[in-house]
Amino acid sequence: MNEDWLTLAEAAQKFAKSTHSIRRLIEKEELKTKKDDRGRVLILSDQLTHHLIAVSKSQTAQEQKKQSAQSATQINDELVGELRRTCDDLRRMLAEEKARSERLEKRNDELSREILKMAKEMQGILEKQTGLSGWTRIFKKD
């Protein structure tokens with residue numbers, strides 16, 4: 001490590017930070033300091049460099065996490081929208097199938113009545129023409 005010591009003003013100028021920001025880091029005891037012969041606070045340049053890089057990486061990671069969370073939220077919103085559209089489509093299809101089923105049941109009832117009516121008419125015709133009134137009773141037992 002280079003033993004390059006900077007005053008607060010030099011450090012602020014070199015790293016484009018305010019002297020106030022650097023003083024806060026010193027107060028948090030995140031930087032090693034010493035005083036020179038004139039009583040000025042000196043900061044180890046390499047230590048400040050490493051600290052600022054670490055903070056920058058941390059901030060970048062936090063921003064990436066935030067963007068990732070926003071992307072995940074956006075994807076979730078899109079998926080929820082797609083699921084809602086799918087549910088709406090399925091509800092519509094179910095309503096159509098119910099209507100179709102009701103129409104088929106109604107038609108089935110109509111056809112059943114017609115078949116029963118035709119069966120009675122055929123039975124009446126058979127009885128008149130052949131006198132086979134017992135014919136239907138024989139087949140009903142089977």
# chains A, B, ... in the order shown; residues from 1 in each chain; ligands from 1
>>> residues_around(residues="Arg40 (chain A)", least_positions_apart="4", cutoff="9 Å", atoms="only C-alpha atoms", output="list in words")
Thr7, Leu8, Lys34, Lys35 and Asp36 of chain A
>>> residues_around(residues="Arg23 (chain A)", least_positions_apart="2", cutoff="12 Å", atoms="only C-alpha atoms", output="JSON, numbers by chain")
{"A": [7, 8, 9, 11, 12, 17, 18, 19, 20, 21, 25, 26, 27, 28, 29, 30, 31, 32, 33, 41, 42, 43, 48]}
>>> write_last_selection(atoms="N, CA and C atoms", output="JSON list (two decimals), in the first residue's frame")
[["chain", "number", "residue", "atom", "x", "y", "z"],
["A", 7, "THR", "N", -4.71, 15.78, 2.98],
["A", 7, "THR", "CA", -5.54, 16.60, 3.87],
["A", 7, "THR", "C", -6.99, 16.42, 3.44],
["A", 8, "LEU", "N", -7.90, 16.92, 4.29],
["A", 8, "LEU", "CA", -9.33, 16.83, 3.94],
["A", 8, "LEU", "C", -9.60, 17.51, 2.60],
["A", 9, "ALA", "N", -9.05, 18.68, 2.41],
["A", 9, "ALA", "CA", -9.29, 19.43, 1.17],
["A", 9, "ALA", "C", -8.71, 18.68, -0.03],
["A", 11, "ALA", "N", -8.17, 15.43, -0.29],
["A", 11, "ALA", "CA", -8.98, 14.22, -0.51],
["A", 11, "ALA", "C", -10.30, 14.57, -1.18],
["A", 12, "ALA", "N", -10.93, 15.64, -0.72],
["A", 12, "ALA", "CA", -12.20, 16.07, -1.31],
["A", 12, "ALA", "C", -12.03, 16.40, -2.78],
["A", 17, "LYS", "N", -15.51, 14.72, -3.76],
["A", 17, "LYS", "CA", -16.42, 14.62, -2.62],
["A", 17, "LYS", "C", -16.31, 15.90, -1.82],
["A", 18, "SER", "N", -17.31, 16.15, -1.00],
["A", 18, "SER", "CA", -17.22, 17.33, -0.14],
["A", 18, "SER", "C", -16.39, 16.98, 1.10],
["A", 19, "THR", "N", -15.81, 18.00, 1.71],
["A", 19, "THR", "CA", -15.05, 17.75, 2.94],
["A", 19, "THR", "C", -15.99, 17.24, 4.03],
["A", 20, "HIS", "N", -17.25, 17.67, 3.97],
["A", 20, "HIS", "CA", -18.25, 17.20, 4.93],
["A", 20, "HIS", "C", -18.44, 15.68, 4.81],
["A", 21, "SER", "N", -18.53, 15.19, 3.60],
["A", 21, "SER", "CA", -18.70, 13.74, 3.37],
["A", 21, "SER", "C", -17.52, 12.97, 3.94],
["A", 25, "LEU", "N", -17.20, 10.13, 7.15],
["A", 25, "LEU", "CA", -16.53, 8.83, 7.11],
["A", 25, "LEU", "C", -15.54, 8.70, 8.26],
["A", 26, "ILE", "N", -14.86, 9.79, 8.56],
["A", 26, "ILE", "CA", -13.90, 9.77, 9.66],
["A", 26, "ILE", "C", -14.64, 9.58, 10.99],
["A", 27, "GLU", "N", -15.77, 10.28, 11.15],
["A", 27, "GLU", "CA", -16.56, 10.16, 12.38],
["A", 27, "GLU", "C", -17.10, 8.75, 12.56],
["A", 28, "LYS", "N", -17.41, 8.09, 11.47],
["A", 28, "LYS", "CA", -17.90, 6.70, 11.54],
["A", 28, "LYS", "C", -16.75, 5.72, 11.74],
["A", 29, "GLU", "N", -15.53, 6.26, 11.80],
["A", 29, "GLU", "CA", -14.30, 5.48, 11.99],
["A", 29, "GLU", "C", -14.11, 4.47, 10.86],
["A", 30, "GLU", "N", -14.46, 4.88, 9.66],
["A", 30, "GLU", "CA", -14.27, 4.03, 8.50],
["A", 30, "GLU", "C", -12.94, 4.31, 7.81],
["A", 31, "LEU", "N", -12.28, 5.39, 8.20],
["A", 31, "LEU", "CA", -11.00, 5.76, 7.60],
["A", 31, "LEU", "C", -9.95, 5.98, 8.68],
["A", 32, "LYS", "N", -8.75, 5.56, 8.36],
["A", 32, "LYS", "CA", -7.62, 5.77, 9.26],
["A", 32, "LYS", "C", -7.12, 7.20, 9.06],
["A", 33, "THR", "N", -6.90, 7.91, 10.15],
["A", 33, "THR", "CA", -6.43, 9.29, 10.07],
["A", 33, "THR", "C", -5.26, 9.51, 11.02],
["A", 41, "VAL", "N", -5.95, 17.23, 9.85],
["A", 41, "VAL", "CA", -6.30, 15.82, 9.74],
["A", 41, "VAL", "C", -5.81, 15.31, 8.39],
["A", 42, "LEU", "N", -5.11, 14.17, 8.43],
["A", 42, "LEU", "CA", -4.63, 13.54, 7.20],
["A", 42, "LEU", "C", -5.31, 12.18, 7.04],
["A", 43, "ILE", "N", -5.60, 11.86, 5.79],
["A", 43, "ILE", "CA", -6.29, 10.60, 5.45],
["A", 43, "ILE", "C", -5.39, 9.81, 4.54],
["A", 48, "LEU", "N", -8.96, 5.47, 1.46],
["A", 48, "LEU", "CA", -10.13, 6.20, 0.98],
["A", 48, "LEU", "C", -10.56, 5.66, -0.39]]
>>> select_by_dssp(residues="region 22-88 of chain A", states="alpha helix (DSSP H)", output="CSV table (one decimal) with C-alpha atoms, in the first residue's frame")
chain,number,residue,atom,x,y,z
A,22,ILE,CA,-15.1,12.8,4.2
A,23,ARG,CA,-15.5,14.1,7.8
A,24,ARG,CA,-18.6,11.8,8.2
A,25,LEU,CA,-16.5,8.8,7.1
A,26,ILE,CA,-13.9,9.8,9.7
A,27,GLU,CA,-16.6,10.2,12.4
A,45,SER,CA,-5.3,8.0,0.1
A,46,ASP,CA,-5.3,4.2,-0.7
A,47,GLN,CA,-7.7,3.5,2.2
A,48,LEU,CA,-10.1,6.2,1.0
A,49,THR,CA,-9.9,4.8,-2.6
A,50,HIS,CA,-10.7,1.3,-1.5
A,51,HIS,CA,-13.6,2.5,0.7
A,52,LEU,CA,-15.1,4.6,-2.1
A,53,ILE,CA,-14.8,1.6,-4.5
A,54,ALA,CA,-16.5,-0.7,-2.0
A,55,VAL,CA,-19.3,1.8,-1.4
A,56,SER,CA,-19.7,2.2,-5.1
A,57,LYS,CA,-19.9,-1.5,-5.7
A,58,SER,CA,-22.4,-1.8,-2.8
A,59,GLN,CA,-24.6,1.0,-4.3
A,60,THR,CA,-24.3,-0.6,-7.8
A,61,ALA,CA,-25.4,-4.0,-6.3
A,62,GLN,CA,-28.3,-2.3,-4.5
A,63,GLU,CA,-29.4,-0.6,-7.7
A,64,GLN,CA,-29.2,-3.8,-9.6
A,65,LYS,CA,-31.3,-5.6,-7.0
A,66,LYS,CA,-33.8,-2.7,-7.1
A,67,GLN,CA,-33.9,-3.0,-10.9
A,68,SER,CA,-34.2,-6.7,-10.7
A,69,ALA,CA,-37.1,-6.4,-8.2
A,70,GLN,CA,-38.8,-3.9,-10.5
A,71,SER,CA,-38.3,-6.3,-13.5
A,72,ALA,CA,-39.7,-9.1,-11.4
A,73,THR,CA,-42.7,-7.0,-10.4
A,74,GLN,CA,-43.2,-6.0,-14.1
A,75,ILE,CA,-43.0,-9.7,-15.2
A,76,ASN,CA,-45.4,-10.7,-12.3
A,77,ASP,CA,-47.8,-7.9,-13.4
A,78,GLU,CA,-47.7,-9.2,-17.0
A,79,LEU,CA,-48.2,-12.8,-15.9
A,80,VAL,CA,-51.2,-11.7,-13.7
A,81,GLY,CA,-52.6,-9.9,-16.7
A,82,GLU,CA,-52.2,-12.9,-18.9
A,83,LEU,CA,-53.8,-15.2,-16.2
A,84,ARG,CA,-56.7,-12.8,-16.0
A,85,ARG,CA,-57.2,-12.8,-19.7
A,86,THR,CA,-57.0,-16.6,-19.7
A,87,CYS,CA,-59.6,-16.8,-16.9
A,88,ASP,CA,-61.9,-14.4,-18.8
>>> atom_distance(atom1="CA of Ala16 (chain A)", atom2="CA of Leu44 (chain A)")
16.0 Å
